[in-house]
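Undergrad: Sharing a structure here in structure tokens format.
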Amino acid sequence: MQHLSWIKWSKVGCLSAALVMGGSLVPIQAQEDIPSASDLKPSEINEQPLRLPTTDPKILNPDPKVLDVPTAPEDVTIDPDLDQAITLEQALELAKRNNRDLQVVELQVRQSRAALAEAKAAELPTISAQASLNRTDSATSRIINKQQVETQVEGIEDQIQQLQAQLPGANAAQTAILNQTIQGLQAQIQTVRDQPSLFPSVSNLFNTSVQLDYDVFTSGQRPASIRAAESALKAAEKSLETQLQQLRLDVSNDYYDMQQADELVQIAKAAVRNAEETLDNTRALEQAGLGTRFDVLRSEVQLANQQQQLSQAQSQQLTARRQLAQRLSLNPRATLSAADPVKIAGLWPISLTNTIAKAQQNRSELGEILDQRQIAQQNERLIKGSFGPQVSVAASGNFAVDLDDLTEAFGYSLGGQVTKLLFDGGATKANARQQALGAKIAETQFANFKNLVRFQVEQNYFTLQSSFKNIATNECAVIQAEQSLELARLRSKAGIGTQLEVSNAETELTRTRSNRLQAIIDYNRALIALERFVGHRQQQARVGEVPSPGAQLCNQA
């Protein structure tokens with residue numbers, strides 16, 4: 001785990017001291033000269049991390065099957081092979097590749113592109129084709145055919161009855177003629193029953209048609225719809241840009257949280273070691289008759305408190321690691337640690353006024369608000385267009401074939417239509433008014449967001465300045481606290497100091513180390529926030545080019 005390399009000087013660090021004991025001066029061995037203030041620089045950091053960054057970040061990628069859920073504890077158990085240290089740049093690359101929120105916004109951009117293509121399709125006619133094959137067996141036709149046959153049969157039977165009535169008074173020749181006629185009529189009855197139906201009940205038809213429709217004039221609705229879709233796409237693209245910038249800020253802050261948690265663990269461990277050393281010293285003084293049981297108890301309490309602080313720091317460390325893993329949407333069996341050392345990330349290269357101007361020029365959110373205003377204006381035109389005349393034309397062709405006798409035919413139709421909405425109770429005007437007010441709301445939001453942009457820049461710019469000064473101030477305080485602790489221990493061993501002085505010195509050393517760490521983290525947070533609020537990264541000075549205010553501050557102290 002990378003941690004701050006705390007600057008320590010030799011015992012009593014460049015002081016020649018004399019302890020007053022029993023009314024006499026007891027000289028203490030001379031030490032080295034005090035280092036000059038020019039040797040003090042803000043937070044000298046060990047550039048070599050304890051863990052090297054992973055060479056293959058892809059092994060941390062999640063399973064592409066996003067709908068799968070773990071079914072066994074082994075599915076979420078941390079794999080030692082996936083316990084990797086990563087740099088901030090690697091974390092940002094993983095975030096761009098895996099972050100789910102970013103993926104959602106990318107899909108929304110694709111949705112907007114599809115919506116624009118749909119709107120532009122209205123510039124072209126619609127053409128549809130239809131084909132059908134039908135076999136029809138009509139019950140009505142069957143009934144009609146049956147009725148016609150029965151009617152014909154009844155007529156023939158009436159004729160037969162009339163002829164039969166003439167048989168008793170007919171001579172032989174007439175009888176032969178009548179019988180022959182009756183036989184013919186009876187044969188005709190069978191012929192009527194067997195002949196095909198006049199109206200066939202079963203038909204087999206194949207039919208095909210082509211239809212063309214086109215809106216010739218839409219009173220401005222079509223171009224307004226296209227422009228609204230174009231503005232929606234621009235807004236979605238700016239939303240994606242905003243999400244990328246926000247993701248960079250969130251990932252950086254999570255990474256700094258992880259760095260801070262790692263360093264707080266190291267600070268807590270150092271505090272525990274100091275408390276253990278103090279406890280050993282107080283026990284030795286008690287055994288030599290120079291200390292009291294009270295001092296030993298205070299040292300034991302101090303050690304217990306520092307151990308509790310260490311436990312809390314370790315808990316925060318695990319939480320910070322899981323927070324970054326969640327942001328990066330990593331493999332559920334992976335965990336992370338920081339490979340970058342804690343150090344100043346760079347200098348902000350432009351002045352406050354230039355920063356404000358750039359932020360208000362570059363912020364994608366401002367462009368997105370303007371696009372929303374454009375959408376509202378085009379929607380207003382679209383709605384007003386519904387009150388204008390609408391002109392459309394249509395053409396169709398039809399081809400049909402009777403499959404029973406292979407009879408075929410072709411037909412067509414041409415037509416045009418003009419429609420005009422005359423009255424709708426004021427609903428259209430009210431809807432258009434809503435869109436106009438939506439454009440006014442966007443204008444007001446734009447002005448309000450400009451003020452917010454300025455405040456965000458000023459807030460983080462001031463934080464950046466104060467944090468940079470605090471880094472040097474706390475660097476001096478750490479050195480002084482280390483020297484103070486050494487002196488307190490020497491005084492305690494010599495019997496002229498108290499254990500309370502040692503405990504206070506240990507507390508102050510832990511506090512100053514935490515303050516120095518907090519100042520660096522606050523500085524880096526303010527720096528990345530300025531990049532976020534300006535809208536793009538700025539060329540920054542290298543860390544070695546950062547001027548150190550430490551010398552002046554330490555001299556003034």
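Chain labels run A, B, ... following the order of the structure tokens; each chain numbers its residues from 1, and ligands are numbered from 1 in the order shown.
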Write out, as JSON lines, each residue of stretch 295-407 of chain A that has an atom at most 12 Å from stretch 433-449 of chain A, together with the closest pair of atoms and their distance in Å to one decimal, counting only C-alpha atoms, rows going by chain and rising number.
TA:
{"residue": "A:Ala359", "atom": "CA", "partner": "A:Phe449", "partner_atom": "CA", "distance": 11.1}
{"residue": "A:Gln360", "atom": "CA", "partner": "A:Phe449", "partner_atom": "CA", "distance": 9.1}
{"residue": "A:Arg363", "atom": "CA", "partner": "A:Phe449", "partner_atom": "CA", "distance": 9.9}
{"residue": "A:Ser364", "atom": "CA", "partner": "A:Phe449", "partner_atom": "CA", "distance": 11.2}
{"residue": "A:Glu365", "atom": "CA", "partner": "A:Phe449", "partner_atom": "CA", "distance": 8.3}
{"residue": "A:Leu366", "atom": "CA", "partner": "A:Phe446", "partner_atom": "CA", "distance": 6.2}
{"residue": "A:Gly367", "atom": "CA", "partner": "A:Phe446", "partner_atom": "CA", "distance": 8.9}
{"residue": "A:Glu368", "atom": "CA", "partner": "A:Phe446", "partner_atom": "CA", "distance": 9.3}
{"residue": "A:Ile369", "atom": "CA", "partner": "A:Ala442", "partner_atom": "CA", "distance": 6.0}
{"residue": "A:Leu370", "atom": "CA", "partner": "A:Ala442", "partner_atom": "CA", "distance": 7.0}
{"residue": "A:Asp371", "atom": "CA", "partner": "A:Ala442", "partner_atom": "CA", "distance": 9.0}
{"residue": "A:Gln372", "atom": "CA", "partner": "A:Ala442", "partner_atom": "CA", "distance": 6.7}
{"residue": "A:Arg373", "atom": "CA", "partner": "A:Ala439", "partner_atom": "CA", "distance": 4.6}
{"residue": "A:Gln374", "atom": "CA", "partner": "A:Ala439", "partner_atom": "CA", "distance": 7.3}
{"residue": "A:Ile375", "atom": "CA", "partner": "A:Ala439", "partner_atom": "CA", "distance": 8.1}
{"residue": "A:Ala376", "atom": "CA", "partner": "A:Gln435", "partner_atom": "CA", "distance": 5.1}
{"residue": "A:Gln377", "atom": "CA", "partner": "A:Ala439", "partner_atom": "CA", "distance": 6.2}
{"residue": "A:Gln378", "atom": "CA", "partner": "A:Gln435", "partner_atom": "CA", "distance": 8.6}
{"residue": "A:Asn379", "atom": "CA", "partner": "A:Gln435", "partner_atom": "CA", "distance": 6.4}
{"residue": "A:Glu380", "atom": "CA", "partner": "A:Gln435", "partner_atom": "CA", "distance": 5.2}
{"residue": "A:Arg381", "atom": "CA", "partner": "A:Gln435", "partner_atom": "CA", "distance": 9.1}
{"residue": "A:Leu382", "atom": "CA", "partner": "A:Gln435", "partner_atom": "CA", "distance": 10.0}
{"residue": "A:Ile383", "atom": "CA", "partner": "A:Gln435", "partner_atom": "CA", "distance": 8.9}
{"residue": "A:Lys384", "atom": "CA", "partner": "A:Arg433", "partner_atom": "CA", "distance": 9.6}
Undergrad: Within 12 Å of A:Thr278, counting only C-alpha atoms, which residues show up once you throw out same-chain ones fewer than 2 positions away? Write them as a PyMOL selection string, please.
TA: chain A and resi 271-276+280-285+295-303+485-486+488-490+492-493+498-506
Undergrad: Based on the selection just made, write C-alpha atoms of those residues as a PDB file, in the first residue's frame.
TA:
ATOM      1  CA  ALA A 271       0.193   6.121  15.871  1.00  0.00           C
ATOM      2  CA  VAL A 272      -0.164   2.600  17.292  1.00  0.00           C
ATOM      3  CA  ARG A 273       3.595   2.085  17.061  1.00  0.00           C
ATOM      4  CA  ASN A 274       4.200   5.409  18.837  1.00  0.00           C
ATOM      5  CA  ALA A 275       1.701   4.474  21.542  1.00  0.00           C
ATOM      6  CA  GLU A 276       3.372   1.077  21.991  1.00  0.00           C
ATOM      7  CA  ASP A 280       7.169   0.526  26.875  1.00  0.00           C
ATOM      8  CA  ASN A 281       8.920   3.700  28.087  1.00  0.00           C
ATOM      9  CA  THR A 282       6.401   4.381  30.859  1.00  0.00           C
ATOM     10  CA  ARG A 283       6.610   0.791  32.074  1.00  0.00           C
ATOM     11  CA  ALA A 284      10.395   1.047  32.139  1.00  0.00           C
ATOM     12  CA  LEU A 285      10.195   4.311  34.105  1.00  0.00           C
ATOM     13  CA  ASP A 295       1.250   7.126  33.665  1.00  0.00           C
ATOM     14  CA  VAL A 296       1.195   3.460  32.647  1.00  0.00           C
ATOM     15  CA  LEU A 297      -2.587   3.411  32.683  1.00  0.00           C
ATOM     16  CA  ARG A 298      -2.746   6.570  30.574  1.00  0.00           C
ATOM     17  CA  SER A 299      -0.364   4.992  28.052  1.00  0.00           C
ATOM     18  CA  GLU A 300      -2.471   1.838  27.914  1.00  0.00           C
ATOM     19  CA  VAL A 301      -5.616   3.911  27.306  1.00  0.00           C
ATOM     20  CA  GLN A 302      -3.788   5.878  24.621  1.00  0.00           C
ATOM     21  CA  LEU A 303      -2.747   2.638  22.915  1.00  0.00           C
ATOM     22  CA  LEU A 485       7.321  14.096  20.476  1.00  0.00           C
ATOM     23  CA  GLU A 486      11.026  13.262  20.659  1.00  0.00           C
ATOM     24  CA  ALA A 488       8.589  14.989  25.245  1.00  0.00           C
ATOM     25  CA  ARG A 489       9.922  11.437  25.428  1.00  0.00           C
ATOM     26  CA  LEU A 490      13.403  12.611  26.427  1.00  0.00           C
ATOM     27  CA  SER A 492       9.819  11.955  30.352  1.00  0.00           C
ATOM     28  CA  LYS A 493      12.818   9.628  30.471  1.00  0.00           C
ATOM     29  CA  THR A 498       5.006  14.019  32.307  1.00  0.00           C
ATOM     30  CA  GLN A 499       3.265  11.275  30.426  1.00  0.00           C
ATOM     31  CA  LEU A 500       0.535  13.770  29.576  1.00  0.00           C
ATOM     32  CA  GLU A 501       3.063  15.735  27.508  1.00  0.00           C
ATOM     33  CA  VAL A 502       3.973  12.585  25.581  1.00  0.00           C
ATOM     34  CA  SER A 503       0.337  11.681  24.978  1.00  0.00           C
ATOM     35  CA  ASN A 504      -0.419  15.191  23.773  1.00  0.00           C
ATOM     36  CA  ALA A 505       2.601  15.138  21.502  1.00  0.00           C
ATOM     37  CA  GLU A 506       1.527  11.813  20.001  1.00  0.00           C
TER      38      GLU A 506
END
Undergrad: Residues of stretch 138-214 of chain A within 9 Å of stretch 399-413 of chain A: nearest atom pair and distance (Å, one decimal) for each, counting only C-alpha atoms, sorted by chain and number, as JSON lines?
TA:
{"residue": "A:Ser203", "atom": "CA", "partner": "A:Asp404", "partner_atom": "CA", "distance": 7.0}
{"residue": "A:Asn204", "atom": "CA", "partner": "A:Leu403", "partner_atom": "CA", "distance": 5.4}
{"residue": "A:Leu205", "atom": "CA", "partner": "A:Asp402", "partner_atom": "CA", "distance": 4.6}
{"residue": "A:Phe206", "atom": "CA", "partner": "A:Val401", "partner_atom": "CA", "distance": 5.1}
{"residue": "A:Asn207", "atom": "CA", "partner": "A:Ala400", "partner_atom": "CA", "distance": 4.2}
{"residue": "A:Thr208", "atom": "CA", "partner": "A:Phe399", "partner_atom": "CA", "distance": 5.3}
{"residue": "A:Ser209", "atom": "CA", "partner": "A:Phe399", "partner_atom": "CA", "distance": 6.2}
Undergrad: Kindly save the residues from that selection, with N, CA and C atoms included, as a compact mmCIF listing (two decimals), in the first residue's frame.
TA:
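See selection_23.txt below for the written result:
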# COMPACT_ATOMS: atom_id res chain seq x y z
N SER A 203 -65.11 -20.15 -54.45
CA SER A 203 -64.27 -19.34 -55.36
C SER A 203 -62.84 -19.33 -54.85
N ASN A 204 -61.85 -19.23 -55.75
CA ASN A 204 -60.42 -19.15 -55.44
C ASN A 204 -59.86 -17.94 -56.16
N LEU A 205 -59.50 -16.93 -55.37
CA LEU A 205 -59.04 -15.67 -55.93
C LEU A 205 -57.66 -15.31 -55.38
N PHE A 206 -56.78 -14.81 -56.27
CA PHE A 206 -55.48 -14.26 -55.89
C PHE A 206 -55.52 -12.77 -56.19
N ASN A 207 -55.18 -11.95 -55.18
CA ASN A 207 -55.29 -10.51 -55.33
C ASN A 207 -54.01 -9.85 -54.82
N THR A 208 -53.48 -8.86 -55.53
CA THR A 208 -52.30 -8.11 -55.09
C THR A 208 -52.53 -6.63 -55.38
N SER A 209 -51.94 -5.77 -54.49
CA SER A 209 -52.13 -4.32 -54.67
C SER A 209 -50.90 -3.59 -54.15
Undergrad: Would you mind listing what lies within 12 Å of stretch 104-114 of chain A as a PyMOL selection string, with only C-alpha atoms counted and same-chain residues fewer than 3 positions away left out?
TA: chain A and resi 96-101+117-121+226+228-244+247
Undergrad: Considering only C-alpha atoms, state which residue in the set A:Ile496, A:Val216, A:Ala472, A:Leu517 is at the smallest distance from A:Pro125.
TA: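 Once distances to A:Pro125 are computed over only C-alpha atoms, the minimum belongs to A:Val216.
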Undergrad: Just the number, please: distance in Å from atom CA of A:Arg532 to atom CA of A:Glu89, one decimal.
TA: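 Computing the Euclidean distance for atom CA of A:Arg532 and atom CA of A:Glu89 yields 15.7 Å.
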Undergrad: Stretch 308-415 of chain A near stretch 58-74 of chain A within 12 Å: what's each residue's closest atom pair and its distance in Å to one decimal, counting only C-alpha atoms, ordered by chain then ascending residue number, as a Markdown table?
TA:
| residue | atom | partner | partner_atom | distance |
| --- | --- | --- | --- | --- |
| A:Ala325 | CA | A:Leu60 | CA | 9.4 |
| A:Gln326 | CA | A:Pro62 | CA | 10.8 |
| A:Leu328 | CA | A:Asn61 | CA | 8.8 |
| A:Ser329 | CA | A:Pro62 | CA | 6.7 |
| A:Leu330 | CA | A:Pro62 | CA | 5.0 |
| A:Asn331 | CA | A:Pro62 | CA | 4.0 |
| A:Pro332 | CA | A:Pro62 | CA | 7.1 |
| A:Arg333 | CA | A:Glu74 | CA | 8.6 |
| A:Ala334 | CA | A:Leu60 | CA | 6.3 |
| A:Thr335 | CA | A:Leu60 | CA | 8.6 |
| A:Leu336 | CA | A:Leu60 | CA | 9.4 |
Undergrad: Could the residues in this selection be written to a file with all heavy atoms, as a PDB file, in the first residue's frame?
TA:
ATOM      1  N   ALA A 325     -14.779   0.032  -6.856  1.00  0.00           N
ATOM      2  CA  ALA A 325     -15.108  -1.159  -7.646  1.00  0.00           C
ATOM      3  C   ALA A 325     -16.542  -1.071  -8.176  1.00  0.00           C
ATOM      4  O   ALA A 325     -16.826  -1.452  -9.316  1.00  0.00           O
ATOM      5  CB  ALA A 325     -14.926  -2.417  -6.801  1.00  0.00           C
ATOM      6  N   GLN A 326     -17.450  -0.555  -7.351  1.00  0.00           N
ATOM      7  CA  GLN A 326     -18.834  -0.406  -7.801  1.00  0.00           C
ATOM      8  C   GLN A 326     -18.936   0.639  -8.913  1.00  0.00           C
ATOM      9  O   GLN A 326     -19.660   0.443  -9.901  1.00  0.00           O
ATOM     10  CB  GLN A 326     -19.718   0.003  -6.613  1.00  0.00           C
ATOM     11  CG  GLN A 326     -21.196   0.161  -6.940  1.00  0.00           C
ATOM     12  CD  GLN A 326     -21.561   1.541  -7.427  1.00  0.00           C
ATOM     13  OE1 GLN A 326     -20.902   2.508  -7.092  1.00  0.00           O
ATOM     14  NE2 GLN A 326     -22.607   1.630  -8.230  1.00  0.00           N
ATOM     15  N   LEU A 328     -16.702   1.399 -11.076  1.00  0.00           N
ATOM     16  CA  LEU A 328     -16.086   0.883 -12.296  1.00  0.00           C
ATOM     17  C   LEU A 328     -16.825  -0.335 -12.847  1.00  0.00           C
ATOM     18  O   LEU A 328     -16.459  -0.827 -13.919  1.00  0.00           O
ATOM     19  CB  LEU A 328     -14.620   0.512 -12.028  1.00  0.00           C
ATOM     20  CG  LEU A 328     -13.726   1.639 -11.503  1.00  0.00           C
ATOM     21  CD1 LEU A 328     -12.299   1.150 -11.360  1.00  0.00           C
ATOM     22  CD2 LEU A 328     -13.776   2.856 -12.405  1.00  0.00           C
ATOM     23  N   SER A 329     -17.835  -0.832 -12.119  1.00  0.00           N
ATOM     24  CA  SER A 329     -18.601  -2.013 -12.546  1.00  0.00           C
ATOM     25  C   SER A 329     -17.667  -3.182 -12.841  1.00  0.00           C
ATOM     26  O   SER A 329     -17.715  -3.786 -13.915  1.00  0.00           O
ATOM     27  CB  SER A 329     -19.457  -1.688 -13.776  1.00  0.00           C
ATOM     28  OG  SER A 329     -20.354  -0.644 -13.511  1.00  0.00           O
ATOM     29  N   LEU A 330     -16.833  -3.500 -11.868  1.00  0.00           N
ATOM     30  CA  LEU A 330     -15.826  -4.538 -12.066  1.00  0.00           C
ATOM     31  C   LEU A 330     -16.407  -5.931 -11.871  1.00  0.00           C
ATOM     32  O   LEU A 330     -17.552  -6.110 -11.443  1.00  0.00           O
ATOM     33  CB  LEU A 330     -14.662  -4.324 -11.096  1.00  0.00           C
ATOM     34  CG  LEU A 330     -13.877  -3.023 -11.244  1.00  0.00           C
ATOM     35  CD1 LEU A 330     -12.705  -3.015 -10.282  1.00  0.00           C
ATOM     36  CD2 LEU A 330     -13.382  -2.832 -12.676  1.00  0.00           C
ATOM     37  N   ASN A 331     -15.578  -6.903 -12.168  1.00  0.00           N
ATOM     38  CA  ASN A 331     -15.895  -8.295 -11.870  1.00  0.00           C
ATOM     39  C   ASN A 331     -16.242  -8.410 -10.386  1.00  0.00           C
ATOM     40  O   ASN A 331     -15.534  -7.866  -9.535  1.00  0.00           O
ATOM     41  CB  ASN A 331     -14.676  -9.160 -12.211  1.00  0.00           C
ATOM     42  CG  ASN A 331     -14.974 -10.644 -12.109  1.00  0.00           C
ATOM     43  OD1 ASN A 331     -15.476 -11.129 -11.105  1.00  0.00           O
ATOM     44  ND2 ASN A 331     -14.653 -11.368 -13.157  1.00  0.00           N
ATOM     45  N   PRO A 332     -17.338  -9.081 -10.037  1.00  0.00           N
ATOM     46  CA  PRO A 332     -17.743  -9.139  -8.612  1.00  0.00           C
ATOM     47  C   PRO A 332     -16.713  -9.819  -7.719  1.00  0.00           C
ATOM     48  O   PRO A 332     -16.789  -9.690  -6.499  1.00  0.00           O
ATOM     49  CB  PRO A 332     -19.062  -9.920  -8.652  1.00  0.00           C
ATOM     50  CG  PRO A 332     -19.048 -10.648  -9.950  1.00  0.00           C
ATOM     51  CD  PRO A 332     -18.278  -9.785 -10.904  1.00  0.00           C
ATOM     52  N   ARG A 333     -15.743 -10.488  -8.286  1.00  0.00           N
ATOM     53  CA  ARG A 333     -14.721 -11.161  -7.487  1.00  0.00           C
ATOM     54  C   ARG A 333     -13.428 -10.352  -7.416  1.00  0.00           C
ATOM     55  O   ARG A 333     -12.439 -10.825  -6.872  1.00  0.00           O
ATOM     56  CB  ARG A 333     -14.433 -12.550  -8.065  1.00  0.00           C
ATOM     57  CG  ARG A 333     -15.653 -13.446  -8.179  1.00  0.00           C
ATOM     58  CD  ARG A 333     -15.270 -14.865  -8.528  1.00  0.00           C
ATOM     59  NE  ARG A 333     -14.481 -15.466  -7.471  1.00  0.00           N
ATOM     60  CZ  ARG A 333     -13.823 -16.619  -7.583  1.00  0.00           C
ATOM     61  NH1 ARG A 333     -13.866 -17.278  -8.741  1.00  0.00           N
ATOM     62  NH2 ARG A 333     -13.134 -17.100  -6.576  1.00  0.00           N
ATOM     63  N   ALA A 334     -13.450  -9.126  -7.951  1.00  0.00           N
ATOM     64  CA  ALA A 334     -12.240  -8.305  -7.984  1.00  0.00           C
ATOM     65  C   ALA A 334     -12.273  -7.259  -6.880  1.00  0.00           C
ATOM     66  O   ALA A 334     -13.343  -6.837  -6.422  1.00  0.00           O
ATOM     67  CB  ALA A 334     -12.109  -7.622  -9.340  1.00  0.00           C
ATOM     68  N   THR A 335     -11.101  -6.840  -6.440  1.00  0.00           N
ATOM     69  CA  THR A 335     -10.961  -5.734  -5.505  1.00  0.00           C
ATOM     70  C   THR A 335      -9.736  -4.933  -5.904  1.00  0.00           C
ATOM     71  O   THR A 335      -8.868  -5.419  -6.646  1.00  0.00           O
ATOM     72  CB  THR A 335     -10.852  -6.218  -4.057  1.00  0.00           C
ATOM     73  OG1 THR A 335     -10.928  -5.096  -3.166  1.00  0.00           O
ATOM     74  CG2 THR A 335      -9.528  -6.937  -3.811  1.00  0.00           C
ATOM     75  N   LEU A 336      -9.659  -3.698  -5.400  1.00  0.00           N
ATOM     76  CA  LEU A 336      -8.642  -2.766  -5.883  1.00  0.00           C
ATOM     77  C   LEU A 336      -7.857  -2.158  -4.732  1.00  0.00           C
ATOM     78  O   LEU A 336      -8.300  -2.162  -3.585  1.00  0.00           O
ATOM     79  CB  LEU A 336      -9.303  -1.630  -6.676  1.00  0.00           C
ATOM     80  CG  LEU A 336     -10.153  -2.017  -7.880  1.00  0.00           C
ATOM     81  CD1 LEU A 336     -10.859  -0.787  -8.427  1.00  0.00           C
ATOM     82  CD2 LEU A 336      -9.299  -2.663  -8.951  1.00  0.00           C
TER      83      LEU A 336
END
Undergrad: Please provide the set of residues having any atom within 10 Å of A:Thr355, restricted to only C-alpha atoms, with same-chain residues fewer than 4 positions apart removed, written as a PyMOL selection string.
TA: chain A and resi 348-351+359-361+454+457-458+461+530-531+533-534
Undergrad: Just list the residues in stretch 102-164 of chain A DSSP gives helix (DSSP H, G or I) on the backbone, as a ChimeraX atom specification.
TA: /A:102-123,139-164
Undergrad: Among stretch 171-317 of chain A, which residues carry a DSSP assignment of strand (DSSP E), reported as a list in words?
TA: Val202, Ser203, Asn204, Leu205, Phe206, Asn207, Thr208, Ser209, Val210, Gln211, Leu212, Asp213, Tyr214, Asp215, Val216 and Phe217 of chain A
Undergrad: I want to know what sits within 12 Å of A:Glu157, based on only C-alpha atoms, with residues of the same chain fewer than 6 positions away left out; could you give that as a list in words?
TA: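 Counting only the stated atoms, we get Glu150, Thr151, Leu163, Gln164, Ile182, Gln183, Gly184, Leu185, Gln186, Ala187, Gln188, Ile189, Gln190 and Val192 of chain A.
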Undergrad: Can you spit out the residues from that selection as a PDB file, in the first residue's frame, using N, CA, C and O atoms?
TA:
ATOM      1  N   GLU A 150     -84.960 -25.903 -56.975  1.00  0.00           N
ATOM      2  CA  GLU A 150     -86.285 -26.349 -56.537  1.00  0.00           C
ATOM      3  C   GLU A 150     -87.388 -25.626 -57.296  1.00  0.00           C
ATOM      4  O   GLU A 150     -88.431 -26.211 -57.616  1.00  0.00           O
ATOM      5  N   THR A 151     -87.149 -24.354 -57.580  1.00  0.00           N
ATOM      6  CA  THR A 151     -88.159 -23.601 -58.339  1.00  0.00           C
ATOM      7  C   THR A 151     -88.322 -24.181 -59.744  1.00  0.00           C
ATOM      8  O   THR A 151     -89.445 -24.373 -60.251  1.00  0.00           O
ATOM      9  N   LEU A 163     -99.942 -32.771 -67.904  1.00  0.00           N
ATOM     10  CA  LEU A 163     -99.948 -33.757 -68.982  1.00  0.00           C
ATOM     11  C   LEU A 163    -100.602 -35.067 -68.521  1.00  0.00           C
ATOM     12  O   LEU A 163    -101.341 -35.727 -69.278  1.00  0.00           O
ATOM     13  N   GLN A 164    -100.315 -35.471 -67.321  1.00  0.00           N
ATOM     14  CA  GLN A 164    -100.909 -36.709 -66.790  1.00  0.00           C
ATOM     15  C   GLN A 164    -102.438 -36.578 -66.666  1.00  0.00           C
ATOM     16  O   GLN A 164    -103.169 -37.564 -66.799  1.00  0.00           O
ATOM     17  N   ILE A 182     -93.933 -36.581 -71.063  1.00  0.00           N
ATOM     18  CA  ILE A 182     -93.728 -36.710 -69.598  1.00  0.00           C
ATOM     19  C   ILE A 182     -92.351 -37.281 -69.302  1.00  0.00           C
ATOM     20  O   ILE A 182     -91.641 -36.812 -68.392  1.00  0.00           O
ATOM     21  N   GLN A 183     -91.895 -38.279 -70.052  1.00  0.00           N
ATOM     22  CA  GLN A 183     -90.567 -38.862 -69.840  1.00  0.00           C
ATOM     23  C   GLN A 183     -89.477 -37.799 -70.087  1.00  0.00           C
ATOM     24  O   GLN A 183     -88.463 -37.729 -69.379  1.00  0.00           O
ATOM     25  N   GLY A 184     -89.692 -36.976 -71.096  1.00  0.00           N
ATOM     26  CA  GLY A 184     -88.712 -35.920 -71.363  1.00  0.00           C
ATOM     27  C   GLY A 184     -88.620 -34.925 -70.209  1.00  0.00           C
ATOM     28  O   GLY A 184     -87.539 -34.477 -69.824  1.00  0.00           O
ATOM     29  N   LEU A 185     -89.824 -34.563 -69.685  1.00  0.00           N
ATOM     30  CA  LEU A 185     -89.824 -33.630 -68.548  1.00  0.00           C
ATOM     31  C   LEU A 185     -89.172 -34.256 -67.310  1.00  0.00           C
ATOM     32  O   LEU A 185     -88.454 -33.578 -66.554  1.00  0.00           O
ATOM     33  N   GLN A 186     -89.429 -35.572 -67.101  1.00  0.00           N
ATOM     34  CA  GLN A 186     -88.785 -36.224 -65.952  1.00  0.00           C
ATOM     35  C   GLN A 186     -87.260 -36.258 -66.121  1.00  0.00           C
ATOM     36  O   GLN A 186     -86.505 -36.071 -65.161  1.00  0.00           O
ATOM     37  N   ALA A 187     -86.815 -36.480 -67.344  1.00  0.00           N
ATOM     38  CA  ALA A 187     -85.365 -36.435 -67.586  1.00  0.00           C
ATOM     39  C   ALA A 187     -84.831 -35.020 -67.384  1.00  0.00           C
ATOM     40  O   ALA A 187     -83.701 -34.809 -66.909  1.00  0.00           O
ATOM     41  N   GLN A 188     -85.659 -34.021 -67.716  1.00  0.00           N
ATOM     42  CA  GLN A 188     -85.225 -32.628 -67.536  1.00  0.00           C
ATOM     43  C   GLN A 188     -85.064 -32.295 -66.052  1.00  0.00           C
ATOM     44  O   GLN A 188     -84.174 -31.510 -65.689  1.00  0.00           O
ATOM     45  N   ILE A 189     -85.949 -32.896 -65.237  1.00  0.00           N
ATOM     46  CA  ILE A 189     -85.803 -32.676 -63.786  1.00  0.00           C
ATOM     47  C   ILE A 189     -84.440 -33.139 -63.318  1.00  0.00           C
ATOM     48  O   ILE A 189     -83.732 -32.461 -62.558  1.00  0.00           O
ATOM     49  N   GLN A 190     -83.998 -34.320 -63.746  1.00  0.00           N
ATOM     50  CA  GLN A 190     -82.695 -34.842 -63.337  1.00  0.00           C
ATOM     51  C   GLN A 190     -81.565 -33.961 -63.870  1.00  0.00           C
ATOM     52  O   GLN A 190     -80.561 -33.728 -63.205  1.00  0.00           O
ATOM     53  N   VAL A 192     -81.802 -30.715 -64.459  1.00  0.00           N
ATOM     54  CA  VAL A 192     -81.768 -29.497 -63.636  1.00  0.00           C
ATOM     55  C   VAL A 192     -81.035 -29.746 -62.316  1.00  0.00           C
ATOM     56  O   VAL A 192     -80.246 -28.919 -61.840  1.00  0.00           O
TER      57      VAL A 192
END
Undergrad: Neighbours of A:Gly385 within 6 Å (only C-alpha atoms; same-chain residues fewer than 6 positions away dropped), as a list in words?
TA: Ser219, Gly220 and Gln221 of chain A
Undergrad: Using only C-alpha atoms, which residue out of A:Ile160, A:Val149, A:Arg513, A:Thr175 lies closest to A:Gln195?
TA: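 The closest residue to A:Gln195 is A:Val149.
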